Every structure is written in C-alpha cells, then in structure tokens.
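Undergrad: File input.pdb below, PDB, C-alpha atoms:
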```pdb
ATOM      1  CA  MET A   1      86.706  -5.186  35.049
ATOM      2  CA  GLU A   2      83.058  -4.570  34.497
ATOM      3  CA  GLU A   3      81.817  -1.104  34.876
ATOM      4  CA  GLU A   4      78.524  -0.872  36.586
ATOM      5  CA  LYS A   5      75.872   1.054  34.718
ATOM      6  CA  THR A   6      74.144   3.818  36.459
ATOM      7  CA  LEU A   7      70.423   3.741  36.935
ATOM      8  CA  LYS A   8      69.915   6.399  34.216
ATOM      9  CA  GLU A   9      71.852   4.358  31.656
ATOM     10  CA  GLU A  10      69.868   1.213  32.443
ATOM     11  CA  ILE A  11      66.604   3.127  32.063
ATOM     12  CA  LYS A  12      67.762   4.517  28.705
ATOM     13  CA  ASP A  13      68.657   0.996  27.494
ATOM     14  CA  LEU A  14      65.273  -0.320  28.592
ATOM     15  CA  ALA A  15      63.512   2.566  26.836
ATOM     16  CA  LYS A  16      65.412   1.795  23.605
ATOM     17  CA  THR A  17      64.459  -1.887  23.699
ATOM     18  CA  ILE A  18      60.811  -1.010  24.381
ATOM     19  CA  GLU A  19      60.749   1.395  21.408
ATOM     20  CA  GLU A  20      62.340  -1.208  19.144
ATOM     21  CA  SER A  21      59.832  -3.858  20.214
ATOM     22  CA  LYS A  22      56.876  -1.522  19.517
ATOM     23  CA  LYS A  23      57.723  -1.243  15.811
ATOM     24  CA  PRO A  24      55.378  -3.512  13.859
ATOM     25  CA  LYS A  25      56.918  -6.279  11.819
ATOM     26  CA  GLU A  26      56.403  -5.977   8.085
ATOM     27  CA  LYS A  27      54.234  -8.723   6.633
ATOM     28  CA  LYS A  28      54.866  -9.954   3.131
ATOM     29  CA  PHE A  29      51.934 -10.033   0.727
ATOM     30  CA  ARG A  30      50.487 -13.499   0.309
ATOM     31  CA  LEU A  31      47.780 -14.541  -2.104
ATOM     32  CA  PRO A  32      44.677 -16.112  -0.572
ATOM     33  CA  TRP A  33      44.573 -19.892  -0.825
ATOM     34  CA  LYS A  34      41.620 -19.913  -3.240
ATOM     35  CA  ALA A  35      43.566 -17.818  -5.749
ATOM     36  CA  LYS A  36      46.742 -19.890  -5.924
ATOM     37  CA  VAL A  37      47.424 -21.519  -9.268
ATOM     38  CA  GLY A  38      49.398 -24.770  -9.396
ATOM     39  CA  LYS A  39      51.352 -26.294 -12.249
ATOM     40  CA  LEU A  40      48.441 -28.380 -13.534
ATOM     41  CA  LYS A  41      46.096 -25.383 -13.593
ATOM     42  CA  LEU A  42      48.793 -23.319 -15.327
ATOM     43  CA  ARG A  43      48.946 -25.863 -18.134
ATOM     44  CA  LYS A  44      45.164 -25.655 -18.489
ATOM     45  CA  GLY A  45      45.320 -21.869 -18.904
ATOM     46  CA  PHE A  46      44.328 -20.563 -15.480
ATOM     47  CA  VAL A  47      45.393 -17.122 -14.202
ATOM     48  CA  VAL A  48      45.117 -15.299 -10.889
ATOM     49  CA  VAL A  49      42.523 -12.539 -11.269
ATOM     50  CA  GLU A  50      42.431  -9.546  -8.943
ATOM     51  CA  ILE A  51      38.821  -8.370  -9.163
ATOM     52  CA  ILE A  52      38.411  -4.698  -8.275
ATOM     53  CA  ASN A  53      34.777  -4.176  -7.222
ATOM     54  CA  GLU A  54      32.809  -0.931  -7.483
ATOM     55  CA  ASN A  55      33.295  -0.211  -3.776
ATOM     56  CA  ARG A  56      37.090  -0.550  -4.216
ATOM     57  CA  ALA A  57      37.164  -3.901  -2.430
ATOM     58  CA  ILE A  58      39.480  -6.497  -3.941
ATOM     59  CA  ASP A  59      38.858 -10.217  -4.422
ATOM     60  CA  PHE A  60      41.313 -12.784  -5.736
ATOM     61  CA  GLN A  61      40.158 -15.747  -7.827
ATOM     62  CA  LYS A  62      41.654 -18.200 -10.280
ATOM     63  CA  LYS A  63      39.952 -18.260 -13.658
ATOM     64  CA  GLN A  64      40.568 -20.099 -16.920
ATOM     65  CA  ILE A  65      41.295 -18.220 -20.131
ATOM     66  CA  ILE A  66      39.041 -19.466 -22.941
ATOM     67  CA  ASP A  67      39.428 -17.849 -26.380
ATOM     68  CA  GLY A  68      41.122 -14.775 -24.897
ATOM     69  CA  THR A  69      38.338 -14.195 -22.358
ATOM     70  CA  ILE A  70      37.622 -14.939 -18.706
ATOM     71  CA  ASN A  71      34.221 -15.417 -17.105
ATOM     72  CA  ILE A  72      33.803 -13.713 -13.727
ATOM     73  CA  ASN A  73      30.441 -14.379 -12.080
ATOM     74  CA  GLY A  74      28.634 -14.455 -15.428
ATOM     75  CA  ASP A  75      30.383 -11.381 -16.861
ATOM     76  CA  ILE A  76      32.780 -12.016 -19.741
ATOM     77  CA  HIS A  77      35.981  -9.945 -19.866
ATOM     78  CA  ALA A  78      38.535  -9.815 -22.697
ATOM     79  CA  LEU A  79      42.282 -10.359 -22.231
ATOM     80  CA  ASP A  80      45.332  -9.503 -24.269
ATOM     81  CA  ASP A  81      48.923 -10.585 -23.720
ATOM     82  CA  LEU A  82      49.839  -7.047 -22.620
ATOM     83  CA  ASP A  83      47.309  -7.317 -19.791
ATOM     84  CA  LEU A  84      49.099 -10.219 -18.108
ATOM     85  CA  TYR A  85      51.488  -9.525 -15.263
ATOM     86  CA  TYR A  86      53.518 -12.126 -13.416
ATOM     87  CA  TYR A  87      53.644 -12.571  -9.647
ATOM     88  CA  LYS A  88      56.099 -15.221  -8.464
ATOM     89  CA  GLY A  89      56.088 -16.770 -11.928
ATOM     90  CA  LYS A  90      52.287 -17.053 -12.124
ATOM     91  CA  PRO A  91      50.135 -15.010 -14.549
ATOM     92  CA  PHE A  92      48.219 -12.227 -12.830
ATOM     93  CA  VAL A  93      45.442  -9.912 -14.117
ATOM     94  CA  HIS A  94      43.985  -6.726 -12.585
ATOM     95  CA  GLN A  95      40.298  -6.726 -13.638
ATOM     96  CA  PRO A  96      37.904  -3.903 -12.714
ATOM     97  CA  LYS A  97      34.426  -5.376 -12.321
ATOM     98  CA  GLY A  98      32.629  -2.842 -14.521
ATOM     99  CA  LYS A  99      35.035  -2.861 -17.481
ATOM    100  CA  ILE A 100      35.450  -5.249 -20.393
ATOM    101  CA  ASN A 101      39.249  -5.056 -20.464
ATOM    102  CA  PRO A 102      41.699  -5.425 -17.564
ATOM    103  CA  TRP A 103      43.500  -2.486 -16.015
ATOM    104  CA  HIS A 104      46.830  -1.754 -17.673
ATOM    105  CA  PRO A 105      49.046   1.156 -16.562
ATOM    106  CA  LEU A 106      50.195   2.037 -20.083
ATOM    107  CA  LYS A 107      46.625   2.601 -21.256
ATOM    108  CA  GLU A 108      45.878   4.993 -18.403
ATOM    109  CA  PHE A 109      48.570   7.464 -19.419
ATOM    110  CA  LEU A 110      48.240   7.345 -23.196
ATOM    111  CA  ASN A 111      46.402  10.026 -25.137
ATOM    112  CA  GLU A 112      47.027   8.528 -28.556
ATOM    113  CA  GLU A 113      48.005   5.190 -30.041
ATOM    114  CA  ARG A 114      51.510   3.915 -29.391
ATOM    115  CA  VAL A 115      53.297   0.732 -30.308
ATOM    116  CA  TYR A 116      54.473  -1.331 -27.338
ATOM    117  CA  ASP A 117      56.085  -4.731 -27.873
ATOM    118  CA  GLY A 118      54.806  -4.792 -31.448
ATOM    119  CA  LYS A 119      51.187  -4.096 -30.431
ATOM    120  CA  VAL A 120      49.172  -0.922 -30.781
ATOM    121  CA  VAL A 121      48.084   0.221 -27.322
ATOM    122  CA  THR A 122      45.248   2.727 -27.099
ATOM    123  CA  LYS A 123      43.352   4.356 -24.280
ATOM    124  CA  ASN A 124      39.917   3.169 -25.466
ATOM    125  CA  GLU A 125      38.092   0.020 -24.411
ATOM    126  CA  ILE A 126      36.736  -1.291 -27.712
ATOM    127  CA  TYR A 127      39.395  -3.835 -28.659
ATOM    128  CA  GLY A 128      37.907  -6.515 -26.395
ATOM    129  CA  GLN A 129      34.371  -6.391 -27.759
ATOM    130  CA  LYS A 130      34.996  -8.821 -30.613
ATOM    131  CA  TYR A 131      36.469 -11.388 -28.184
ATOM    132  CA  VAL A 132      33.523 -11.028 -25.840
ATOM    133  CA  MET A 133      30.993 -11.418 -28.656
ATOM    134  CA  ALA A 134      32.776 -14.507 -30.007
ATOM    135  CA  ARG A 135      32.758 -16.057 -26.526
ATOM    136  CA  MET A 136      29.064 -15.281 -26.072
ATOM    137  CA  LYS A 137      28.251 -16.935 -29.405
ATOM    138  CA  SER A 138      30.278 -20.024 -28.517
ATOM    139  CA  ASP A 139      28.583 -20.246 -25.092
ATOM    140  CA  PHE A 140      25.129 -20.026 -26.658
ATOM    141  CA  ILE A 141      23.620 -23.494 -26.475
ATOM    142  CA  THR A 142      20.479 -24.495 -28.305
ATOM    143  CA  ALA A 143      18.463 -26.774 -26.066
ATOM    144  CA  LYS A 144      17.380 -29.985 -27.740
ATOM    145  CA  LYS A 145      13.889 -31.128 -26.959
ATOM    146  CA  THR A 146      14.128 -34.472 -25.297
ATOM    147  CA  ILE A 147      11.336 -36.836 -24.479
ATOM    148  CA  GLY A 148      11.199 -37.551 -20.785
ATOM    149  CA  TRP A 149      11.084 -40.991 -19.193
ATOM    150  CA  GLY A 150       7.355 -40.707 -18.509
ATOM    151  CA  ALA A 151       6.514 -39.985 -22.137
ATOM    152  CA  SER A 152       8.728 -42.808 -23.412
ATOM    153  CA  ILE A 153       7.174 -45.339 -20.992
ATOM    154  CA  PHE A 154       3.688 -44.164 -21.999
ATOM    155  CA  GLY A 155       4.629 -44.631 -25.663
ATOM    156  CA  LEU A 156       5.905 -48.147 -24.992
ATOM    157  CA  VAL A 157       2.668 -49.054 -23.175
ATOM    158  CA  VAL A 158       0.559 -47.748 -26.062
ATOM    159  CA  LEU A 159       2.769 -49.622 -28.547
ATOM    160  CA  GLY A 160       2.400 -52.783 -26.440
ATOM    161  CA  ILE A 161      -1.403 -52.472 -26.399
ATOM    162  CA  ILE A 162      -1.526 -52.003 -30.179
ATOM    163  CA  ALA A 163       0.817 -54.983 -30.729
ATOM    164  CA  TYR A 164      -1.294 -57.144 -28.372
ATOM    165  CA  SER A 165      -4.486 -56.222 -30.198
ATOM    166  CA  PHE A 166      -2.941 -57.233 -33.579
ATOM    167  CA  ILE A 167      -1.633 -60.524 -32.227
ATOM    168  CA  THR A 168      -4.923 -61.525 -30.603
ATOM    169  CA  GLY A 169      -6.904 -60.401 -33.644
ATOM    170  CA  GLY A 170      -9.018 -57.994 -31.703
TER     171      GLY A 170
END
```
As structure tokens, please, write out the structure in this file.
TA:
Amino acid sequence: MEEEKTLKEEIKDLAKTIEESKKPKEKKFRLPWKAKVGKLKLRKGFVVVEIINENRAIDFQKKQIIDGTININGDIHALDDLDLYYYKGKPFVHQPKGKINPWHPLKEFLNEERVYDGKVVTKNEIYGQKYVMARMKSDFITAKKTIGWGASIFGLVVLGIIAYSFITGG
C-alpha cells in the first residue's frame, strides 16, 4: 500500500524541485546570422572573422580572403594557414583590430622561433607586412580621365556647326 508522506517530507521534496528549477540552463554558443558562411561562400574563400575591438568588444563578420589578406572596415590584415581555426567545419579567425596579424596562441607563448607544421612561428608581427603591401598595391587604382556627357555633346555640336559651315560654303 501507499505510504503517506508527512508534511515535512513533502516540503523537502518541493524545496528540492524549486532549487533544481532555479538552475539556469546552459546555452550553446551560436554565431550571429551575419557571420555564418555557407557552402557557396566557402568556395569563394570567405571566413568567419572574430574582430576584437580596442574596448574588448567582439564582432563577428564574414570576410573574403584575397591574396592572403582580409579587409576589415578599410584596414588590411594578413593571414597565414596557421592562423585559421575551424568551428563546425567552417574557417574561423581571431583578429585584433589594431594588429596586422591574427591572434594565434602559439605566438603568444614563444620567445624564439620554432617550427610548427613545417612553418617557422615567431612572436613578432612582421611576417604579414609584405602581404599587406602587395594587397595595397593591387588595390591602388589609377583613375582614367573620362570626358563627361556634357563635354561630348558640346563637342558634337561644335563639330556639327563646323561641318555645316563647310557644306554651305560659309
């Protein structure tokens, strides 16, 4: 037969359920929608970039890798294959806003050069400068001087007047 619980036991059970319900549920990390990279963008060379601002705020964006560099709000940053991480199968980069190269944990703890996956990893920041300069040179566009529509119409009118004066003999 069923044993009836005493009032103390029922209160203890209720207190346990209240304590268990007060524990917050753990939320899984999800990338913002604007930073998600699909299959088509992956083929075109896009990566998810975690931008670490000077005030330690973090923004997520998707950016395209062009000649080993990414352009973030007009600033060009260099990338290397050691700087790429993968989150759920998508390439991911931690980029401090004020630095040329992305953040990489191996570089933070190195005092001298070491070889990692066949590459020399150093603590300094100068390896990305040649990539940045090459990208800046390729982005440099010389503006061609074009004649506007007004000038071309004016030229046609003048040419028409000259042609008319030759035809009429005047």
Undergrad: Nearest residue to Ile76 (chain A) out of A:Arg30, A:Arg135, A:Lys25, A:Lys44, using only C-alpha atoms?
TA: A:Arg135
Undergrad: Have a look at A:His77, A:Arg43, A:His94, A:Lys23 and name the one nearest to Lys130 (chain A); count only C-alpha atoms.
TA: A:His77
Undergrad: Residues within 8 Å of Asn53 (chain A), please, as number ranges by chain. Count all atoms listed in the file; anything in the same chain fewer than 4 positions from it doesn't count.
TA: A: 57-59, 96-98
Undergrad: What does the distance from CA of Leu82 (chain A) to CA of Phe60 (chain A) come to in Å, to one decimal?
TA: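 Result for CA of Leu82 (chain A) versus CA of Phe60 (chain A): 19.8 Å, one decimal.
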Undergrad: Between CA of Lys41 (chain A) and CA of Asp67 (chain A), what distance in Å does the model show, to one decimal?
TA: 16.3 Å
Undergrad: May I have the centre and edge lengths, in Å to one decimal, of an axis-aligned box around the listed atoms of region 149-154 of chain A with 4 Å added to every side, as AutoDock Vina command-line options?
TA:
```
--center_x 7.4 --center_y -42.7 --center_z -21.0 --size_x 15.4 --size_y 13.4 --size_z 12.9
```
Undergrad: Just how far from CA of Gly128 (chain A) is CA of Ile141 (chain A), in Å to one decimal?
TA: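 Those two atoms sit 22.2 Å apart.
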Undergrad: Residue by residue, what does the PyMOL selection byres ((chain A and resi 129) around 12) grab here? Present the result as a PDB file with C-alpha atoms, in the frame of the given file.
TA:
```pdb
ATOM      1  CA  GLY A  68      41.122 -14.775 -24.897  1.00  0.00           C
ATOM      2  CA  THR A  69      38.338 -14.195 -22.358  1.00  0.00           C
ATOM      3  CA  ILE A  76      32.780 -12.016 -19.741  1.00  0.00           C
ATOM      4  CA  HIS A  77      35.981  -9.945 -19.866  1.00  0.00           C
ATOM      5  CA  ALA A  78      38.535  -9.815 -22.697  1.00  0.00           C
ATOM      6  CA  LEU A  79      42.282 -10.359 -22.231  1.00  0.00           C
ATOM      7  CA  ASP A  80      45.332  -9.503 -24.269  1.00  0.00           C
ATOM      8  CA  LYS A  99      35.035  -2.861 -17.481  1.00  0.00           C
ATOM      9  CA  ILE A 100      35.450  -5.249 -20.393  1.00  0.00           C
ATOM     10  CA  ASN A 101      39.249  -5.056 -20.464  1.00  0.00           C
ATOM     11  CA  ASN A 124      39.917   3.169 -25.466  1.00  0.00           C
ATOM     12  CA  GLU A 125      38.092   0.020 -24.411  1.00  0.00           C
ATOM     13  CA  ILE A 126      36.736  -1.291 -27.712  1.00  0.00           C
ATOM     14  CA  TYR A 127      39.395  -3.835 -28.659  1.00  0.00           C
ATOM     15  CA  GLY A 128      37.907  -6.515 -26.395  1.00  0.00           C
ATOM     16  CA  LYS A 130      34.996  -8.821 -30.613  1.00  0.00           C
ATOM     17  CA  TYR A 131      36.469 -11.388 -28.184  1.00  0.00           C
ATOM     18  CA  VAL A 132      33.523 -11.028 -25.840  1.00  0.00           C
ATOM     19  CA  MET A 133      30.993 -11.418 -28.656  1.00  0.00           C
ATOM     20  CA  ALA A 134      32.776 -14.507 -30.007  1.00  0.00           C
ATOM     21  CA  ARG A 135      32.758 -16.057 -26.526  1.00  0.00           C
ATOM     22  CA  MET A 136      29.064 -15.281 -26.072  1.00  0.00           C
TER      23      MET A 136
END
```
